[in-house]
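This is final-v4.cif (mmCIF, C-alpha atoms, pLDDT in the B column; chains and numbers go by the auth columns).
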data_coords
loop_
_atom_site.group_PDB
_atom_site.id
_atom_site.type_symbol
_atom_site.label_atom_id
_atom_site.label_comp_id
_atom_site.label_asym_id
_atom_site.label_seq_id
_atom_site.Cartn_x
_atom_site.Cartn_y
_atom_site.Cartn_z
_atom_site.B_iso_or_equiv
_atom_site.auth_seq_id
_atom_site.auth_asym_id
ATOM 1 C CA MET A 1 0.000 0.000 0.000 46.00 1 A
ATOM 2 C CA SER A 2 2.806 2.345 0.895 48.00 2 A
ATOM 3 C CA SER A 3 4.574 1.745 -2.435 52.00 3 A
ATOM 4 C CA ARG A 4 1.545 3.079 -4.306 61.00 4 A
ATOM 5 C CA ARG A 5 1.840 6.674 -5.417 63.00 5 A
ATOM 6 C CA ASP A 6 -0.759 9.075 -4.116 63.00 6 A
ATOM 7 C CA PRO A 7 -2.857 10.748 -6.815 65.00 7 A
ATOM 8 C CA ILE A 8 -2.285 14.456 -7.318 71.00 8 A
ATOM 9 C CA ASP A 9 -5.289 16.263 -5.936 73.00 9 A
ATOM 10 C CA PRO A 10 -6.349 18.954 -8.434 75.00 10 A
ATOM 11 C CA LEU A 11 -7.849 20.988 -5.577 77.00 11 A
ATOM 12 C CA VAL A 12 -4.489 21.120 -3.785 79.00 12 A
ATOM 13 C CA VAL A 13 -2.809 22.288 -7.004 84.00 13 A
ATOM 14 C CA LYS A 14 -5.533 24.909 -7.450 86.00 14 A
ATOM 15 C CA ARG A 15 -5.070 26.209 -3.894 86.00 15 A
ATOM 16 C CA ARG A 16 -1.295 26.430 -4.297 88.00 16 A
ATOM 17 C CA ASN A 17 -1.621 28.218 -7.623 92.00 17 A
ATOM 18 C CA LEU A 18 -4.110 30.700 -6.181 93.00 18 A
ATOM 19 C CA LEU A 19 -1.752 31.488 -3.291 91.00 19 A
ATOM 20 C CA ARG A 20 1.139 31.935 -5.747 94.00 20 A
ATOM 21 C CA VAL A 21 -0.921 34.311 -7.884 95.00 21 A
ATOM 22 C CA PHE A 22 -1.992 36.201 -4.750 94.00 22 A
ATOM 23 C CA TYR A 23 1.588 36.739 -3.558 94.00 23 A
ATOM 24 C CA ALA A 24 2.806 37.581 -7.086 95.00 24 A
ATOM 25 C CA ALA A 25 0.010 40.167 -7.395 94.00 25 A
ATOM 26 C CA ALA A 26 0.825 41.591 -3.941 92.00 26 A
ATOM 27 C CA VAL A 27 4.552 41.913 -4.714 92.00 27 A
ATOM 28 C CA GLY A 28 3.860 43.317 -8.202 92.00 28 A
ATOM 29 C CA CYS A 29 1.357 45.772 -6.782 90.00 29 A
ATOM 30 C CA GLY A 30 3.845 46.943 -4.148 88.00 30 A
ATOM 31 C CA ALA A 31 6.599 47.346 -6.742 90.00 31 A
ATOM 32 C CA ALA A 32 4.324 49.332 -9.082 91.00 32 A
ATOM 33 C CA PHE A 33 3.201 51.644 -6.243 87.00 33 A
ATOM 34 C CA THR A 34 6.792 52.209 -5.125 87.00 34 A
ATOM 35 C CA LEU A 35 7.967 52.938 -8.676 90.00 35 A
ATOM 36 C CA ALA A 36 5.025 55.304 -9.185 88.00 36 A
ATOM 37 C CA GLN A 37 6.296 57.460 -6.307 85.00 37 A
ATOM 38 C CA TYR A 38 9.479 58.167 -8.286 88.00 38 A
ATOM 39 C CA SER A 39 7.814 58.633 -11.687 87.00 39 A
ATOM 40 C CA HIS A 40 6.016 61.549 -13.342 85.00 40 A
ATOM 41 C CA ASN A 41 2.953 62.202 -15.525 85.00 41 A
ATOM 42 C CA PHE A 42 2.043 59.393 -17.928 88.00 42 A
ATOM 43 C CA GLN A 43 4.469 56.863 -16.481 90.00 43 A
ATOM 44 C CA ARG A 44 3.119 57.483 -12.986 90.00 44 A
ATOM 45 C CA ASN A 45 -0.500 57.074 -14.118 90.00 45 A
ATOM 46 C CA ALA A 46 0.337 53.890 -15.999 92.00 46 A
ATOM 47 C CA LEU A 47 2.078 52.425 -12.945 91.00 47 A
ATOM 48 C CA LEU A 48 -0.825 53.367 -10.677 91.00 48 A
ATOM 49 C CA ALA A 49 -3.274 51.742 -13.114 92.00 49 A
ATOM 50 C CA LEU A 50 -1.076 48.626 -13.131 92.00 50 A
ATOM 51 C CA ALA A 51 -1.012 48.598 -9.330 90.00 51 A
ATOM 52 C CA LEU A 52 -4.799 48.946 -9.250 91.00 52 A
ATOM 53 C CA LEU A 53 -5.181 45.985 -11.625 93.00 53 A
ATOM 54 C CA GLY A 54 -2.723 44.008 -9.487 92.00 54 A
ATOM 55 C CA SER A 55 -4.662 44.769 -6.324 91.00 55 A
ATOM 56 C CA ILE A 56 -7.953 43.701 -7.954 94.00 56 A
ATOM 57 C CA LEU A 57 -6.293 40.456 -9.075 95.00 57 A
ATOM 58 C CA GLY A 58 -4.883 39.950 -5.563 93.00 58 A
ATOM 59 C CA ILE A 59 -8.246 40.457 -3.858 93.00 59 A
ATOM 60 C CA TRP A 60 -9.999 38.198 -6.391 95.00 60 A
ATOM 61 C CA THR A 61 -7.473 35.372 -5.891 95.00 61 A
ATOM 62 C CA LEU A 62 -7.718 35.723 -2.097 92.00 62 A
ATOM 63 C CA LEU A 63 -11.508 35.394 -2.280 93.00 63 A
ATOM 64 C CA ARG A 64 -11.186 32.408 -4.639 93.00 64 A
ATOM 65 C CA PHE A 65 -8.661 30.820 -2.270 92.00 65 A
ATOM 66 C CA LEU A 66 -10.994 31.268 0.714 90.00 66 A
ATOM 67 C CA ARG A 67 -13.760 29.629 -1.323 90.00 67 A
ATOM 68 C CA VAL A 68 -11.844 26.502 -2.423 88.00 68 A
ATOM 69 C CA ILE A 69 -10.215 25.575 0.902 89.00 69 A
ATOM 70 C CA ASP A 70 -11.753 22.780 2.985 89.00 70 A
ATOM 71 C CA GLU A 71 -13.074 23.100 6.541 91.00 71 A
ATOM 72 C CA PHE A 72 -9.739 22.099 8.131 89.00 72 A
ATOM 73 C CA GLU A 73 -7.814 24.717 6.170 88.00 73 A
ATOM 74 C CA ARG A 74 -10.586 27.207 6.901 90.00 74 A
ATOM 75 C CA GLN A 75 -9.623 26.986 10.587 88.00 75 A
ATOM 76 C CA TYR A 76 -6.037 27.967 9.728 85.00 76 A
ATOM 77 C CA THR A 77 -7.119 30.878 7.580 89.00 77 A
ATOM 78 C CA HIS A 78 -9.692 31.996 10.154 91.00 78 A
ATOM 79 C CA GLU A 79 -6.942 32.169 12.795 91.00 79 A
ATOM 80 C CA ALA A 80 -4.649 33.952 10.331 92.00 80 A
ATOM 81 C CA LEU A 81 -7.344 36.480 9.399 92.00 81 A
ATOM 82 C CA ARG A 82 -8.080 37.085 13.087 94.00 82 A
ATOM 83 C CA PHE A 83 -4.364 37.642 13.706 94.00 83 A
ATOM 84 C CA ALA A 84 -4.142 40.029 10.741 94.00 84 A
ATOM 85 C CA PHE A 85 -7.278 41.936 11.764 95.00 85 A
ATOM 86 C CA VAL A 86 -6.171 42.445 15.386 96.00 86 A
ATOM 87 C CA GLY A 87 -2.623 43.246 14.226 95.00 87 A
ATOM 88 C CA MET A 88 -3.910 45.868 11.786 94.00 88 A
ATOM 89 C CA LEU A 89 -6.164 47.419 14.430 95.00 89 A
ATOM 90 C CA CYS A 90 -3.196 47.765 16.798 95.00 90 A
ATOM 91 C CA LEU A 91 -1.008 49.151 14.018 93.00 91 A
ATOM 92 C CA LEU A 92 -3.609 51.712 12.919 92.00 92 A
ATOM 93 C CA VAL A 93 -4.167 52.882 16.499 93.00 93 A
ATOM 94 C CA LEU A 94 -0.394 53.226 16.910 92.00 94 A
ATOM 95 C CA GLU A 95 -0.159 55.169 13.621 90.00 95 A
ATOM 96 C CA VAL A 96 -2.932 57.571 14.685 90.00 96 A
ATOM 97 C CA LEU A 97 -1.213 58.071 18.025 91.00 97 A
ATOM 98 C CA LEU A 98 2.185 58.739 16.436 89.00 98 A
ATOM 99 C CA GLU A 99 0.634 61.099 13.872 88.00 99 A
ATOM 100 C CA SER A 100 -0.994 63.084 16.673 88.00 100 A
ATOM 101 C CA PHE A 101 2.499 63.595 18.091 87.00 101 A
ATOM 102 C CA GLY A 102 3.591 65.024 14.748 84.00 102 A
ATOM 103 C CA LEU A 103 5.308 62.033 13.189 82.00 103 A
ATOM 104 C CA PRO A 104 4.888 61.553 9.391 79.00 104 A
ATOM 105 C CA CYS A 105 1.902 59.418 8.415 77.00 105 A
ATOM 106 C CA VAL A 106 2.283 55.969 6.819 77.00 106 A
ATOM 107 C CA PRO A 107 1.038 55.889 3.197 77.00 107 A
ATOM 108 C CA GLY A 108 -2.059 53.825 2.439 76.00 108 A
ATOM 109 C CA TYR A 109 -0.236 51.193 0.398 76.00 109 A
ATOM 110 C CA GLY A 110 2.124 50.704 3.363 82.00 110 A
ATOM 111 C CA ASN A 111 -0.854 49.604 5.440 86.00 111 A
ATOM 112 C CA VAL A 112 -1.962 47.186 2.712 86.00 112 A
ATOM 113 C CA ALA A 113 1.522 45.661 2.720 87.00 113 A
ATOM 114 C CA PHE A 114 1.334 45.327 6.509 90.00 114 A
ATOM 115 C CA ALA A 115 -2.056 43.572 6.185 91.00 115 A
ATOM 116 C CA VAL A 116 -0.580 40.993 3.772 91.00 116 A
ATOM 117 C CA ILE A 117 2.447 40.524 6.039 93.00 117 A
ATOM 118 C CA PHE A 118 0.210 40.057 9.101 94.00 118 A
ATOM 119 C CA TRP A 119 -1.947 37.497 7.254 93.00 119 A
ATOM 120 C CA SER A 120 1.120 35.554 6.097 93.00 120 A
ATOM 121 C CA LEU A 121 2.541 35.636 9.625 94.00 121 A
ATOM 122 C CA GLY A 122 -0.821 34.464 10.990 93.00 122 A
ATOM 123 C CA LEU A 123 -0.873 31.545 8.525 90.00 123 A
ATOM 124 C CA ALA A 124 2.643 30.505 9.535 91.00 124 A
ATOM 125 C CA ILE A 125 1.935 30.794 13.266 91.00 125 A
ATOM 126 C CA SER A 126 -1.391 28.927 13.179 88.00 126 A
ATOM 127 C CA SER A 127 0.022 26.060 11.103 83.00 127 A
ATOM 128 C CA TRP A 128 3.092 25.903 13.348 85.00 128 A
ATOM 129 C CA GLN A 129 0.928 25.863 16.500 81.00 129 A
ATOM 130 C CA ARG A 130 -1.362 23.169 15.104 75.00 130 A
ATOM 131 C CA HIS A 131 1.611 21.048 14.116 70.00 131 A
ATOM 132 C CA TRP A 132 3.474 21.243 17.437 71.00 132 A
ATOM 133 C CA ARG A 133 0.506 21.369 19.843 64.00 133 A
ATOM 134 C CA HIS A 134 -0.260 17.720 19.137 56.00 134 A
ATOM 135 C CA GLU A 135 3.270 16.331 18.872 53.00 135 A
ATOM 136 C CA MET B 1 -13.562 12.126 19.352 79.00 1 B
ATOM 137 C CA LYS B 2 -12.126 8.766 18.278 84.00 2 B
ATOM 138 C CA THR B 3 -12.354 7.406 14.782 88.00 3 B
ATOM 139 C CA ARG B 4 -12.124 4.076 12.980 88.00 4 B
ATOM 140 C CA LEU B 5 -11.111 5.825 9.812 90.00 5 B
ATOM 141 C CA ARG B 6 -7.672 4.241 9.589 90.00 6 B
ATOM 142 C CA VAL B 7 -9.142 0.726 9.926 91.00 7 B
ATOM 143 C CA LEU B 8 -11.884 1.345 7.374 92.00 8 B
ATOM 144 C CA ARG B 9 -9.382 2.894 4.995 92.00 9 B
ATOM 145 C CA ALA B 10 -7.051 -0.087 5.392 91.00 10 B
ATOM 146 C CA GLU B 11 -9.943 -2.471 4.617 91.00 11 B
ATOM 147 C CA ARG B 12 -10.330 -0.762 1.252 90.00 12 B
ATOM 148 C CA GLU B 13 -6.573 -0.356 0.809 90.00 13 B
ATOM 149 C CA TRP B 14 -6.995 3.358 0.312 91.00 14 B
ATOM 150 C CA THR B 15 -4.353 5.943 1.013 91.00 15 B
ATOM 151 C CA GLN B 16 -5.224 9.134 2.879 90.00 16 B
ATOM 152 C CA ALA B 17 -4.985 11.023 -0.410 89.00 17 B
ATOM 153 C CA GLU B 18 -7.500 8.680 -2.077 89.00 18 B
ATOM 154 C CA LEU B 19 -9.987 9.098 0.767 92.00 19 B
ATOM 155 C CA ALA B 20 -9.383 12.849 0.672 91.00 20 B
ATOM 156 C CA MET B 21 -10.271 12.907 -3.017 88.00 21 B
ATOM 157 C CA HIS B 22 -13.501 10.994 -2.374 90.00 22 B
ATOM 158 C CA ALA B 23 -14.432 13.279 0.524 91.00 23 B
ATOM 159 C CA GLU B 24 -13.351 16.394 -1.426 88.00 24 B
ATOM 160 C CA VAL B 25 -11.061 17.608 1.356 90.00 25 B
ATOM 161 C CA SER B 26 -7.281 17.892 1.677 87.00 26 B
ATOM 162 C CA ARG B 27 -5.063 14.964 2.672 87.00 27 B
ATOM 163 C CA ALA B 28 -3.970 17.033 5.681 86.00 28 B
ATOM 164 C CA CYS B 29 -7.611 17.145 6.808 89.00 29 B
ATOM 165 C CA ILE B 30 -7.937 13.329 6.699 92.00 30 B
ATOM 166 C CA ASN B 31 -4.609 12.986 8.512 89.00 31 B
ATOM 167 C CA ALA B 32 -5.727 15.445 11.205 89.00 32 B
ATOM 168 C CA ILE B 33 -9.012 13.545 11.702 92.00 33 B
ATOM 169 C CA GLU B 34 -7.237 10.178 11.923 91.00 34 B
ATOM 170 C CA THR B 35 -4.726 11.446 14.474 87.00 35 B
ATOM 171 C CA GLY B 36 -7.409 13.145 16.547 85.00 36 B
ATOM 172 C CA ARG B 37 -6.119 16.649 15.917 84.00 37 B
ATOM 173 C CA TYR B 38 -9.328 17.768 14.265 87.00 38 B
ATOM 174 C CA ASP B 39 -12.996 16.951 14.816 89.00 39 B
ATOM 175 C CA PRO B 40 -14.829 17.049 11.480 92.00 40 B
ATOM 176 C CA SER B 41 -18.052 18.969 10.996 93.00 41 B
ATOM 177 C CA LEU B 42 -21.310 17.013 10.997 92.00 42 B
ATOM 178 C CA SER B 43 -21.632 17.210 7.230 93.00 43 B
ATOM 179 C CA LEU B 44 -18.077 15.925 6.664 94.00 44 B
ATOM 180 C CA ALA B 45 -18.568 13.148 9.230 94.00 45 B
ATOM 181 C CA PHE B 46 -21.748 12.010 7.438 94.00 46 B
ATOM 182 C CA LYS B 47 -20.026 12.290 4.064 94.00 47 B
ATOM 183 C CA ILE B 48 -17.101 10.103 5.170 95.00 48 B
ATOM 184 C CA ALA B 49 -19.447 7.568 6.762 94.00 49 B
ATOM 185 C CA ARG B 50 -21.457 7.435 3.529 94.00 50 B
ATOM 186 C CA ILE B 51 -18.276 6.831 1.495 94.00 51 B
ATOM 187 C CA PHE B 52 -17.638 3.708 3.594 93.00 52 B
ATOM 188 C CA GLY B 53 -21.307 2.715 3.514 92.00 53 B
ATOM 189 C CA ARG B 54 -21.563 2.943 7.316 91.00 54 B
ATOM 190 C CA ASN B 55 -23.532 4.896 9.869 91.00 55 B
ATOM 191 C CA VAL B 56 -21.712 7.883 11.309 91.00 56 B
ATOM 192 C CA GLU B 57 -21.533 6.299 14.798 89.00 57 B
ATOM 193 C CA GLU B 58 -19.745 3.285 13.306 89.00 58 B
ATOM 194 C CA VAL B 59 -16.957 5.529 12.012 90.00 59 B
ATOM 195 C CA PHE B 60 -16.723 8.189 14.711 90.00 60 B
ATOM 196 C CA LEU B 61 -16.800 7.329 18.384 85.00 61 B
ATOM 197 C CA TYR B 62 -17.697 9.911 20.973 78.00 62 B
ATOM 198 C CA GLY B 63 -15.402 10.548 23.969 70.00 63 B
ATOM 199 C CA SER B 64 -13.056 7.797 25.172 61.00 64 B
ATOM 200 C CA GLY B 65 -14.053 5.129 22.700 56.00 65 B
ATOM 201 C CA GLU B 66 -17.722 4.830 23.723 52.00 66 B
ATOM 202 C CA PRO B 67 -20.185 4.791 20.853 47.00 67 B
ATOM 203 C CA ALA B 68 -22.215 7.993 20.737 47.00 68 B
ATOM 204 C CA ASN B 69 -25.613 6.245 21.034 46.00 69 B
ATOM 205 C CA SER B 70 -24.700 4.538 24.343 42.00 70 B
ATOM 206 C CA ALA B 71 -23.972 7.909 25.912 42.00 71 B
ATOM 207 C CA SER B 72 -27.680 8.809 25.690 42.00 72 B
ATOM 208 C CA SER B 73 -28.456 6.582 28.694 41.00 73 B
ATOM 209 C CA GLU B 74 -26.262 8.830 30.826 43.00 74 B
ATOM 210 C CA ASN B 75 -27.905 11.990 29.593 42.00 75 B
ATOM 211 C CA PRO B 76 -28.499 14.238 32.662 41.00 76 B
ATOM 212 C CA LEU B 77 -31.411 15.954 30.894 39.00 77 B
ATOM 213 C CA LYS B 78 -33.412 12.745 30.797 37.00 78 B
#
How does this structure look as structure tokens?
Amino acid sequence: MSSRRDPIDPLVVKRRNLLRVFYAAAVGCGAAFTLAQYSHNFQRNALLALALLGSILGIWTLLRFLRVIDEFERQYTHEALRFAFVGMLCLLVLEVLLESFGLPCVPGYGNVAFAVIFWSLGLAISSWQRHWRHE
Amino acid sequence: MKTRLRVLRAEREWTQAELAMHAEVSRACINAIETGRYDPSLSLAFKIARIFGRNVEEVFLYGSGEPANSASSENPLK
């Protein structure tokens, strides 16, 4: 039985591909936004339009990913989303506080990047916890 | 919750991945159920039981190995 090769689950491949597209869109979006800050006129508008398209693609793939995962994976992502939501709330409160003391404000796309980072961190932590809690 | 999933799977000579494909969940989900790290939802429990042609209480055992239907006699609400 053990010598038999496991079939490749098309749903697993789909989930992996969706996550890859999501991260590629997030990185591309961040790069386009950053480049747009140093560009002018037409080039800047084109880069912002590209970043907007990238963000739409990113959000769409994230929603697709949340739809195709099974109930076990949904627990992971729920914990990760909770982590990201609470993390973002804390960060935004901290930003407002620092701004009230006269510190420069964080640009909007910086907060989006932090949200993606928090979600990724949440995914890593929840899978790590689940793995080691039952060892 | 205890489960007889591993035994039933072995009877059919199925791998975890094959059962996962039938149940339309990930292999990690089946592995987590078998090792007691995850309690499936009612709908998944019924789905798995149906795949093996069994009742749900024949596949999943409540508590420390007692079948779920025998626990009803100790129901404090009765």
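The coordinates place CA of Gly58 in chain A at 19.6 Å from CA of Asn45 in chain A.
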Could you build a table of the residues in chain B lying no more than 8 Å from chain A, giving for each the nearest pair of atoms and their separation in Å rounded to one decimal place, using only C-alpha atoms, ordered by chain and ascending residue number, as a Markdown table?
| residue | atom | partner | partner_atom | distance |
| --- | --- | --- | --- | --- |
| B:Glu13 | CA | A:Met1 | CA | 6.6 |
| B:Trp14 | CA | A:Met1 | CA | 7.8 |
| B:Thr15 | CA | A:Asp6 | CA | 7.0 |
| B:Ala17 | CA | A:Asp6 | CA | 5.9 |
| B:Glu18 | CA | A:Pro7 | CA | 6.9 |
| B:Met21 | CA | A:Asp9 | CA | 6.7 |
| B:Glu24 | CA | A:Asp70 | CA | 7.9 |
| B:Val25 | CA | A:Asp70 | CA | 5.5 |
| B:Ser26 | CA | A:Asp70 | CA | 6.8 |
| B:Cys29 | CA | A:Phe72 | CA | 5.6 |
| B:Arg37 | CA | A:His134 | CA | 6.8 |
| B:Tyr38 | CA | A:Phe72 | CA | 7.5 |
| B:Pro40 | CA | A:Phe72 | CA | 7.9 |
| B:Ser41 | CA | A:Glu71 | CA | 7.9 |
If you count all atoms listed in the file, which residues fall within 12 Å of Leu42 in chain B, apart from same-chain ones fewer than 4 positions away, as a JSON list (two decimals) with C-alpha atoms, in the frame of the given file?
[["chain", "number", "residue", "atom", "x", "y", "z"],
["A", 71, "GLU", "CA", -13.07, 23.10, 6.54],
["B", 46, "PHE", "CA", -21.75, 12.01, 7.44],
["B", 47, "LYS", "CA", -20.03, 12.29, 4.06],
["B", 48, "ILE", "CA", -17.10, 10.10, 5.17],
["B", 49, "ALA", "CA", -19.45, 7.57, 6.76],
["B", 56, "VAL", "CA", -21.71, 7.88, 11.31],
["B", 57, "GLU", "CA", -21.53, 6.30, 14.80],
["B", 60, "PHE", "CA", -16.72, 8.19, 14.71]]
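Here CA of Ala80 in chain A stands at a distance of 25.9 Å from CA of Gln16 in chain B.
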### Task
Please identify all polymer residues within 8 Å of Phe22 in chain A, counting all atoms listed in the file, omitting same-chain residues fewer than 2 positions from it, and present them as a list in words.
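Returned residues: Leu18, Leu19, Arg20, Ala24, Ala25, Ala26, Leu57, Gly58, Ile59, Thr61 and Leu62 of chain A.
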### Summary
Here CA of Asn55 in chain B and CA of Thr3 in chain B stand apart by 12.5 Å
## Note on the structure
Ala124 in chain A proximity check over A:Leu35, A:Leu81, A:Ile56, A:Leu63, using all atoms listed in the file: winner is A:Leu81
### Task
Specify as a count of residues only each residue included when the PyMOL selection byres ((chain A and resi 125) around 12) is applied to this file.
23
Return range 43-64 of chain B, completed with N, CA, C and O atoms, as a tab-separated table (two decimals), in the frame of the given file.
chain	number	residue	atom	x	y	z
B	43	SER	N	-21.44	17.55	8.65
B	43	SER	CA	-21.63	17.21	7.23
B	43	SER	C	-20.46	16.38	6.70
B	43	SER	O	-20.67	15.43	5.95
B	44	LEU	N	-19.22	16.72	7.12
B	44	LEU	CA	-18.08	15.92	6.66
B	44	LEU	C	-18.10	14.53	7.29
B	44	LEU	O	-17.78	13.54	6.62
B	45	ALA	N	-18.49	14.45	8.56
B	45	ALA	CA	-18.57	13.15	9.23
B	45	ALA	C	-19.57	12.24	8.51
B	45	ALA	O	-19.29	11.06	8.24
B	46	PHE	N	-20.72	12.78	8.16
B	46	PHE	CA	-21.75	12.01	7.44
B	46	PHE	C	-21.24	11.62	6.04
B	46	PHE	O	-21.49	10.53	5.57
B	47	LYS	N	-20.54	12.54	5.41
B	47	LYS	CA	-20.03	12.29	4.06
B	47	LYS	C	-19.03	11.13	4.08
B	47	LYS	O	-19.09	10.23	3.24
B	48	ILE	N	-18.11	11.16	5.06
B	48	ILE	CA	-17.10	10.10	5.17
B	48	ILE	C	-17.77	8.77	5.48
B	48	ILE	O	-17.43	7.73	4.90
B	49	ALA	N	-18.74	8.80	6.40
B	49	ALA	CA	-19.45	7.57	6.76
B	49	ALA	C	-20.16	6.99	5.54
B	49	ALA	O	-20.13	5.77	5.30
B	50	ARG	N	-20.74	7.87	4.74
B	50	ARG	CA	-21.46	7.44	3.53
B	50	ARG	C	-20.50	6.82	2.51
B	50	ARG	O	-20.84	5.86	1.83
B	51	ILE	N	-19.29	7.37	2.42
B	51	ILE	CA	-18.28	6.83	1.50
B	51	ILE	C	-17.98	5.37	1.84
B	51	ILE	O	-17.84	4.53	0.97
B	52	PHE	N	-17.93	5.08	3.15
B	52	PHE	CA	-17.64	3.71	3.59
B	52	PHE	C	-18.91	2.86	3.72
B	52	PHE	O	-18.84	1.70	4.12
B	53	GLY	N	-20.04	3.45	3.43
B	53	GLY	CA	-21.31	2.72	3.51
B	53	GLY	C	-21.68	2.36	4.94
B	53	GLY	O	-22.25	1.31	5.20
B	54	ARG	N	-21.29	3.19	5.89
B	54	ARG	CA	-21.56	2.94	7.32
B	54	ARG	C	-22.39	4.08	7.91
B	54	ARG	O	-22.53	5.14	7.31
B	55	ASN	N	-22.91	3.81	9.11
B	55	ASN	CA	-23.53	4.90	9.87
B	55	ASN	C	-22.42	5.73	10.50
B	55	ASN	O	-21.33	5.22	10.75
B	56	VAL	N	-22.74	6.98	10.80
B	56	VAL	CA	-21.71	7.88	11.31
B	56	VAL	C	-21.15	7.40	12.65
B	56	VAL	O	-19.95	7.54	12.92
B	57	GLU	N	-22.01	6.75	13.49
B	57	GLU	CA	-21.53	6.30	14.80
B	57	GLU	C	-20.66	5.05	14.70
B	57	GLU	O	-20.01	4.67	15.66
B	58	GLU	N	-20.64	4.42	13.51
B	58	GLU	CA	-19.74	3.28	13.31
B	58	GLU	C	-18.34	3.76	12.91
B	58	GLU	O	-17.38	3.01	12.98
B	59	VAL	N	-18.24	4.98	12.45
B	59	VAL	CA	-16.96	5.53	12.01
B	59	VAL	C	-16.36	6.43	13.09
B	59	VAL	O	-15.17	6.37	13.37
B	60	PHE	N	-17.20	7.25	13.70
B	60	PHE	CA	-16.72	8.19	14.71
B	60	PHE	C	-17.29	7.82	16.07
B	60	PHE	O	-18.50	7.61	16.21
B	61	LEU	N	-16.39	7.71	17.04
B	61	LEU	CA	-16.80	7.33	18.38
B	61	LEU	C	-16.65	8.52	19.32
B	61	LEU	O	-15.62	9.18	19.33
B	62	TYR	N	-17.70	8.75	20.09
B	62	TYR	CA	-17.70	9.91	20.97
B	62	TYR	C	-16.88	9.63	22.24
B	62	TYR	O	-16.97	8.55	22.81
B	63	GLY	N	-16.14	10.62	22.70
B	63	GLY	CA	-15.40	10.55	23.97
B	63	GLY	C	-14.30	9.51	23.94
B	63	GLY	O	-13.61	9.35	22.95
B	64	SER	N	-14.18	8.74	25.06
B	64	SER	CA	-13.06	7.80	25.17
B	64	SER	C	-13.43	6.43	24.62
B	64	SER	O	-13.43	5.41	25.32
